[in-house]
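Source file: run.tsv; contents: TSV, C-alpha atoms.
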```tsv
chain	number	residue	atom	x	y	z
A	1	MET	CA	104.07	113.74	97.94
A	2	ILE	CA	104.41	111.48	94.90
A	3	GLN	CA	102.03	111.75	91.97
A	4	ILE	CA	101.35	108.81	89.66
A	5	GLY	CA	98.92	109.91	86.97
A	6	LYS	CA	96.02	111.59	88.70
A	7	TYR	CA	96.73	109.88	92.05
A	8	LYS	CA	98.76	111.57	94.79
A	9	PHE	CA	100.44	109.51	97.50
A	10	GLY	CA	101.91	110.86	100.71
A	11	PHE	CA	104.66	109.26	102.75
A	12	ALA	CA	102.42	107.06	104.91
A	13	PRO	CA	100.34	105.41	102.14
A	14	LEU	CA	103.38	104.91	99.93
A	15	SER	CA	105.43	103.34	102.70
A	16	MET	CA	102.48	101.09	103.64
A	17	ILE	CA	102.29	99.85	100.04
A	18	VAL	CA	106.01	99.06	100.07
A	19	VAL	CA	105.77	97.31	103.47
A	20	PHE	CA	102.81	95.22	102.30
A	21	ILE	CA	104.57	94.14	99.10
A	22	VAL	CA	107.73	93.15	100.98
A	23	LEU	CA	105.76	91.27	103.65
A	24	SER	CA	103.63	89.48	101.04
A	25	VAL	CA	106.67	88.26	99.15
A	26	SER	CA	108.25	87.16	102.42
A	27	ALA	CA	105.04	85.36	103.43
A	28	VAL	CA	104.91	83.34	100.21
A	29	VAL	CA	108.62	82.46	100.39
A	30	ALA	CA	108.25	81.43	104.03
A	31	ALA	CA	105.21	79.30	103.16
A	32	PHE	CA	107.17	77.39	100.53
A	33	GLN	CA	109.96	76.81	103.03
A	34	GLN	CA	107.50	75.66	105.72
A	35	ALA	CA	105.59	73.24	103.51
A	36	ARG	CA	106.51	69.61	104.09
A	37	PRO	CA	104.95	66.51	102.51
A	38	GLU	CA	104.67	64.81	105.90
A	39	TRP	CA	102.56	67.64	107.38
A	40	SER	CA	98.79	67.54	107.06
A	41	MET	CA	98.44	71.28	106.41
A	42	PRO	CA	98.35	72.09	102.67
A	43	LEU	CA	100.47	74.83	101.16
A	44	SER	CA	97.44	77.03	100.43
A	45	HIS	CA	96.50	77.17	104.12
A	46	ILE	CA	100.05	78.09	105.10
A	47	ILE	CA	100.04	80.89	102.51
A	48	ILE	CA	96.69	82.19	103.80
A	49	ILE	CA	97.94	82.22	107.40
A	50	ASN	CA	101.17	83.98	106.45
A	51	GLU	CA	99.34	86.54	104.30
A	52	GLY	CA	96.96	87.22	107.18
A	53	LEU	CA	99.93	87.94	109.41
A	54	ALA	CA	101.39	90.20	106.71
A	55	LEU	CA	98.10	92.12	106.54
A	56	LEU	CA	98.01	92.44	110.34
A	57	ALA	CA	101.60	93.69	110.45
A	58	THR	CA	100.83	96.21	107.68
A	59	LEU	CA	97.77	97.43	109.60
A	60	VAL	CA	99.77	97.91	112.79
A	61	TYR	CA	102.52	99.69	110.83
A	62	GLY	CA	99.97	101.96	109.17
A	63	ILE	CA	98.35	102.90	112.48
A	64	PHE	CA	101.74	103.60	114.03
A	65	ILE	CA	103.03	105.70	111.11
A	66	HIS	CA	99.83	107.75	110.88
A	67	PHE	CA	99.94	108.54	114.59
A	68	ALA	CA	103.64	109.41	114.32
A	69	ILE	CA	102.98	111.79	111.42
A	70	ALA	CA	100.07	113.39	113.30
A	71	ILE	CA	102.23	113.92	116.39
A	72	ILE	CA	105.08	115.36	114.31
A	73	ASN	CA	102.71	117.76	112.53
A	74	ARG	CA	101.19	118.84	115.86
A	75	LEU	CA	104.62	119.49	117.37
A	76	ARG	CA	105.67	121.60	114.36
A	77	LYS	CA	102.76	124.01	114.84
```
Output the structure of this file as structure tokens.
Amino acid sequence: MIQIGKYKFGFAPLSMIVVFIVLSVSAVVAAFQQARPEWSMPLSHIIIINEGLALLATLVYGIFIHFAIAIINRLRK
């Protein structure tokens, strides 16, 4: 458990924050690499699509890690 001011973060929320930040940075970098002047899709649309995929991946990761922690806690008892 990590405490920042009055807020306490466990392993799952903290790791989800880190995963989302890493995926967001990767999404923006990938969007800049994918953007080409000859394509009709503007850079902003590519960024929105990539950020949506980053949010989806973070959601799936969060669901998986919360179930894993629940199973581990149940097996310990």
Between atom CA of A:Ile48 and atom CA of A:Phe32, what is the distance, to one decimal in Å?
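Rounded to one decimal, the two atoms are 12.0 Å apart.
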Need the axis-aligned box for stretch 5-20 of chain A with 8 Å each side, so what are the centre and edges in Å to one decimal, as lines of an AutoDock Vina configuration file?
```
center_x = 101.0
center_y = 103.4
center_z = 95.9
size_x = 26.0
size_y = 32.4
size_z = 33.9
```
Between A:Val18, A:Leu43, A:Met1, A:Leu23, which has the minimum distance to A:Leu56 (counting only C-alpha atoms)?
A:Leu23
Between atom CA of A:Ser15 and atom CA of A:Ala70, what distance in Å does the model show, to one decimal?
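Those two atoms sit 15.6 Å apart.
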So that I can check the surroundings of A:Glu51, please list as a ChimeraX atom specification every protein, DNA and RNA residue that reaches within 10 Å of it, counting all atoms listed in the file and ignoring chain neighbours fewer than 6 positions away.
/A:20,23-28,31,45,57
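For the set A:Ile2, A:Val19, A:Ala35, A:Ile72, the residue with the smallest atom-to-atom gap to A:Leu55 is A:Val19, counting all atoms listed in the file.
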Gap from atom CA of A:Gln34 to atom CA of A:Ile21 - Å, one decimal
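Between atom CA of A:Gln34 and atom CA of A:Ile21 the gap is 19.8 Å.
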Please output stretch 35-54 of chain A, rebuilt to include N, CA, C and O atoms, as a tab-separated table (two decimals), in the frame of the given file.
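File produced: part_27.tsv:
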```tsv
chain	number	residue	atom	x	y	z
A	35	ALA	N	106.40	74.36	104.00
A	35	ALA	CA	105.59	73.24	103.51
A	35	ALA	C	106.42	71.96	103.48
A	35	ALA	O	107.52	71.92	102.94
A	36	ARG	N	105.87	70.92	104.07
A	36	ARG	CA	106.51	69.61	104.09
A	36	ARG	C	105.49	68.56	103.68
A	36	ARG	O	104.32	68.64	104.06
A	37	PRO	N	105.90	67.55	102.93
A	37	PRO	CA	104.95	66.51	102.51
A	37	PRO	C	104.39	65.71	103.70
A	37	PRO	O	103.27	65.21	103.63
A	38	GLU	N	105.14	65.60	104.77
A	38	GLU	CA	104.67	64.81	105.90
A	38	GLU	C	103.69	65.56	106.80
A	38	GLU	O	103.07	64.96	107.68
A	39	TRP	N	103.52	66.86	106.59
A	39	TRP	CA	102.56	67.64	107.38
A	39	TRP	C	101.18	67.55	106.74
A	39	TRP	O	101.04	67.44	105.53
A	40	SER	N	100.16	67.65	107.57
A	40	SER	CA	98.79	67.54	107.06
A	40	SER	C	98.25	68.88	106.54
A	40	SER	O	97.22	68.90	105.88
A	41	MET	N	98.92	69.98	106.85
A	41	MET	CA	98.44	71.28	106.41
A	41	MET	C	98.89	71.56	104.98
A	41	MET	O	100.09	71.56	104.69
A	42	PRO	N	97.96	71.82	104.06
A	42	PRO	CA	98.35	72.09	102.67
A	42	PRO	C	99.02	73.46	102.52
A	42	PRO	O	98.88	74.34	103.38
A	43	LEU	N	99.73	73.60	101.43
A	43	LEU	CA	100.47	74.83	101.16
A	43	LEU	C	99.55	76.04	101.10
A	43	LEU	O	99.90	77.12	101.58
A	44	SER	N	98.35	75.88	100.55
A	44	SER	CA	97.44	77.03	100.43
A	44	SER	C	97.03	77.57	101.79
A	44	SER	O	96.92	78.79	101.97
A	45	HIS	N	96.86	76.70	102.78
A	45	HIS	CA	96.50	77.17	104.12
A	45	HIS	C	97.67	77.89	104.78
A	45	HIS	O	97.46	78.89	105.48
A	46	ILE	N	98.87	77.42	104.55
A	46	ILE	CA	100.05	78.09	105.10
A	46	ILE	C	100.19	79.48	104.49
A	46	ILE	O	100.50	80.45	105.18
A	47	ILE	N	99.96	79.59	103.18
A	47	ILE	CA	100.04	80.89	102.51
A	47	ILE	C	98.98	81.84	103.06
A	47	ILE	O	99.26	83.02	103.32
A	48	ILE	N	97.76	81.34	103.27
A	48	ILE	CA	96.69	82.19	103.80
A	48	ILE	C	97.03	82.68	105.20
A	48	ILE	O	96.82	83.86	105.53
A	49	ILE	N	97.56	81.81	106.05
A	49	ILE	CA	97.94	82.22	107.40
A	49	ILE	C	99.04	83.26	107.36
A	49	ILE	O	98.98	84.29	108.04
A	50	ASN	N	100.06	83.03	106.55
A	50	ASN	CA	101.17	83.98	106.45
A	50	ASN	C	100.72	85.32	105.87
A	50	ASN	O	101.17	86.38	106.31
A	51	GLU	N	99.84	85.30	104.88
A	51	GLU	CA	99.34	86.54	104.30
A	51	GLU	C	98.48	87.31	105.31
A	51	GLU	O	98.48	88.53	105.35
A	52	GLY	N	97.73	86.58	106.12
A	52	GLY	CA	96.96	87.22	107.18
A	52	GLY	C	97.86	87.94	108.17
A	52	GLY	O	97.57	89.06	108.61
A	53	LEU	N	98.96	87.30	108.52
A	53	LEU	CA	99.93	87.94	109.41
A	53	LEU	C	100.59	89.15	108.74
A	53	LEU	O	100.86	90.16	109.40
A	54	ALA	N	100.82	89.06	107.44
A	54	ALA	CA	101.39	90.20	106.71
A	54	ALA	C	100.40	91.37	106.69
A	54	ALA	O	100.80	92.52	106.87
```
